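First up is the structure itself, then whatever we jot down about it.
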Amino acid sequence: MIENLHNTCVRLAFVAPLFILGAFLQGCSLQPLIKEFPVSDGPRVEQVWSTQVGDGVGKYYSKLMPVVTEKTIYVADTKGVVLAVDRRSGDVVWKKALDVSIGGGLFAGYGLVLLGSSDGELLVLDQRNGEEKWRVGLSGEILAPPQSNGKLIVVQTSDGSLYALDAAAGQQKWVYKTVVPALSLRGTSTPHIMENQVLAGFANGKFVSISLDTGIPKWEAVVALPQGRSELERIVDVDGRFVIDGEIAYVSAYQGKVVAIELSSGRILWNRELSSHVGLESSLSNLYLSTSSGELLALDQSNGVELWRQEKLLDRKPTVPVKMGPYLVVADIEGYLYWISQIDGKIALEHRISGRTDRENPLSKNKAVYQSITREAGNGIRTPVSVKGDELYLLNNHGELKALSLIK
């Protein structure tokens with residue numbers, strides 16, 4: 001096993017009809033639970049409400065991050081249940097049971113709710129009531145949230161393609177294609193529409209600016225180059241969340257680098273050797289990331305110099321950091337949330353999410369409850385948290401959508 005994979009297991013998957021091999025990151029072993037942190041006079045966590053969203057993601061390596069708008073949260077499970085939930089009360093506004101398995105996250109805006117299926121279908125729902133407006137089949141599984149500017153919809157698929165479709169009826173405007181390596185992580189980054197261009201990262205380690213009008217690339221930047229003899233060593237996916245700040249994009253790659261890219265030219269301004277497949281957050285002129293081994297780092301946004309490193313979450317597969325006031329919030333595979341100081345990386349607060357036990361998990365009823373995968377499939381959290389205002393929203397693997405707040 002490659003040294004920098006640490007305790008991560010890789011499962012190969014055969015993706016027809018293009019014979020693409022994917023790698024599924026799953027927990028092989030769990031470290032002892034983190035029981036103690038220094039007691040402080042800091043804030044405490046209060047649950048505001050909780051709502052069940054189907055069966056959740058269970059054992060599937062899916063990240064169905066809730067979409068939080070001013071009044072409503074849109075969320076789904078892997079079996080095709082989509083909900084609109086009142087943000088203040090947690091009451092279900094509408095519920096739609098679709099005849100598809102949902103592989104990637106949702107987008108909500110411009111009167112539409114967009115989602116992609118495991119069979120490569122893009123589905124478009126009415127944001128007001130959940131009624132299906134139209135759907136179209138694409139060339140590969142859709143593992144990241146589609147994006148839209150109201151006129152066009154941009155969708156990235158697992159076979160290395162990026163589509164632009166008319167938002168009104170789904171007619172294809174253009175498609176940009178890349179060659180996917182023989183082995184890659186199961187996932188894609190979320191494309192970003194910025195004025196007249198689309199920014200997207202791919203499994204070949206490249207980050208690309210593409211004309212929104214024509215689908216022709218303006219420039220390509222190499223975030224990571226495949227290295228090593230084995231296909232495992234040569235995985236360089238740009239899968240995680242990238243950050244746009246002014247005229248610079250900050251991008252990370254698995255077994256690669258974190259780079260700063262000038263948007264006007266694609267020129268790399270600085271780079272740092274780090275591996276992350278979950279991506280970045282920015283705040284206070286810093287970049288924050290969870291590495292593939294579980295460390296949390298802060299980098300100076302201007303030059304990539306490391307400012308602090310938090311190693312207490314090694315091998316716990318923390319989610320991408322999300323800023324909340326003076327803190328960063330991450331979740332882990334055991335269902336813990338951590339509030340971490342943006343200034344020095346110290347853990348200010350930890351809180352374990354309560355919920356159904358593993359025996360109550362419908363995906364685990366017939367399994368030994370002490371298996372690692374069963375524990376992870378329960379109250380563990382693979383989906384990044386969402387923050388709006390003074391509240392935090394999360395979806396655990398059981399499908400419990402929770403709203404939390406900090407009480408000082």
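How things are named: the first chain in the structure tokens is A, the next is B, and so on; residues count from 1 in each chain; ligands count from 1 in the order shown.
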For Thr69 of chain A, list every protein, DNA or RNA residue within 9 Å, evaluated using only C-alpha atoms, and leave out those in the same chain fewer than 2 positions away; present the list as a ChimeraX atom specification. /A:67,71-74,87,108-109,388
Given the selection you just returned, output its residues as a file containing N, CA and C atoms, formatted as an mmCIF file, in the first residue's frame.
data_model
loop_
_atom_site.group_PDB
_atom_site.id
_atom_site.type_symbol
_atom_site.label_atom_id
_atom_site.label_comp_id
_atom_site.auth_asym_id
_atom_site.auth_seq_id
_atom_site.Cartn_x
_atom_site.Cartn_y
_atom_site.Cartn_z
ATOM 1 N N VAL A 67 -28.640 21.701 0.346
ATOM 2 C CA VAL A 67 -28.558 23.038 -0.239
ATOM 3 C C VAL A 67 -29.398 23.964 0.630
ATOM 4 N N LYS A 71 -34.880 30.501 3.025
ATOM 5 C CA LYS A 71 -36.035 29.965 3.747
ATOM 6 C C LYS A 71 -36.108 28.443 3.743
ATOM 7 N N THR A 72 -35.437 27.798 2.789
ATOM 8 C CA THR A 72 -35.662 26.367 2.570
ATOM 9 C C THR A 72 -34.347 25.620 2.426
ATOM 10 N N ILE A 73 -34.353 24.353 2.866
ATOM 11 C CA ILE A 73 -33.231 23.444 2.669
ATOM 12 C C ILE A 73 -33.690 22.335 1.729
ATOM 13 N N TYR A 74 -32.902 22.042 0.703
ATOM 14 C CA TYR A 74 -33.216 20.980 -0.241
ATOM 15 C C TYR A 74 -32.212 19.855 -0.020
ATOM 16 N N ARG A 87 -36.375 25.997 6.771
ATOM 17 C CA ARG A 87 -35.098 26.175 7.461
ATOM 18 C C ARG A 87 -35.268 26.507 8.934
ATOM 19 N N ALA A 108 -30.049 24.247 -6.094
ATOM 20 C CA ALA A 108 -31.358 24.894 -6.037
ATOM 21 C C ALA A 108 -31.196 26.374 -6.347
ATOM 22 N N GLY A 109 -31.982 26.851 -7.294
ATOM 23 C CA GLY A 109 -31.934 28.257 -7.664
ATOM 24 C C GLY A 109 -32.623 28.495 -8.983
ATOM 25 N N LYS A 388 -25.287 28.661 7.657
ATOM 26 C CA LYS A 388 -25.959 29.889 7.218
ATOM 27 C C LYS A 388 -26.340 30.680 8.465
#
Which residues are near Ile102 of chain A? Cut-off 10 Å, only C-alpha atoms, ignore same chain within fewer than 4 positions. Put them as a list in words.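 In the requested form, the answer reads Val57, Ser62, Leu64, Ala76, Asp77, Thr78, Lys79, Gly80, Val81, Val82, Leu98, Leu106, Leu115, Gly116, Ser117, Ser118, Asp119, Gly120, Glu121, Leu122, Leu123, Glu141, Ile142 and Leu143 of chain A.
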Kindly give the distance, in Å, that separates atom CA of Asp86 of chain A and atom CA of Trp49 of chain A, rounded to a single decimal. 10.6 Å
Determine, counting only C-alpha atoms, which protein, DNA and RNA residues have an atom within 8 Å of an atom of Arg382 of chain A; residues of the same chain fewer than 2 positions away are not included. Present the result as JSON, numbers by chain. {"A": [61, 62, 63, 318, 319, 331, 332, 333, 380, 384, 396, 397]}
Just asking: which residues within segment 61-295 of chain A are strand (DSSP E) according to DSSP, as a ChimeraX atom specification? /A:67-68,72-76,81-86,92-97,102-109,112-117,121-126,132-137,147-148,152-156,161-166,172-177,183-185,192-194,197-201,206-211,217-222,243-245,248-252,256-262,268-274,280-283,286-290
Calculate how many Å separate atom CA of Ala298 of chain A from atom CA of Ala203 of chain A, rounding to one decimal. 24.8 Å
Please indicate the distance in Å from atom CA of Lys323 of chain A to atom CA of Arg44 of chain A, rounded to one decimal place.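 Pair atom CA of Lys323 of chain A / atom CA of Arg44 of chain A returns 16.8 Å.
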Mind checking which residues fall within 7 Å of Ala253 of chain A, counting only C-alpha atoms, ignoring those fewer than 5 positions away in the same chain, and posting them as an mmCIF file with C-alpha atoms, in the first residue's frame?
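The result, written out as result-v3.cif:
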data_model
loop_
_atom_site.group_PDB
_atom_site.id
_atom_site.type_symbol
_atom_site.label_atom_id
_atom_site.label_comp_id
_atom_site.auth_asym_id
_atom_site.auth_seq_id
_atom_site.Cartn_x
_atom_site.Cartn_y
_atom_site.Cartn_z
ATOM 1 C CA GLY A 205 -5.069 16.271 -12.508
ATOM 2 C CA VAL A 223 -2.493 20.699 -10.571
ATOM 3 C CA ALA A 224 -0.841 17.275 -10.276
ATOM 4 C CA VAL A 236 -4.260 12.576 -9.136
ATOM 5 C CA ASP A 237 -7.959 13.493 -9.135
ATOM 6 C CA VAL A 238 -9.042 17.087 -8.682
ATOM 7 C CA ASP A 239 -12.164 16.079 -6.759
ATOM 8 C CA VAL A 258 -2.510 22.754 -3.502
ATOM 9 C CA SER A 275 -2.956 15.639 -0.846
ATOM 10 C CA SER A 276 -6.658 16.373 -0.417
ATOM 11 C CA HIS A 277 -9.730 14.930 -2.099
#
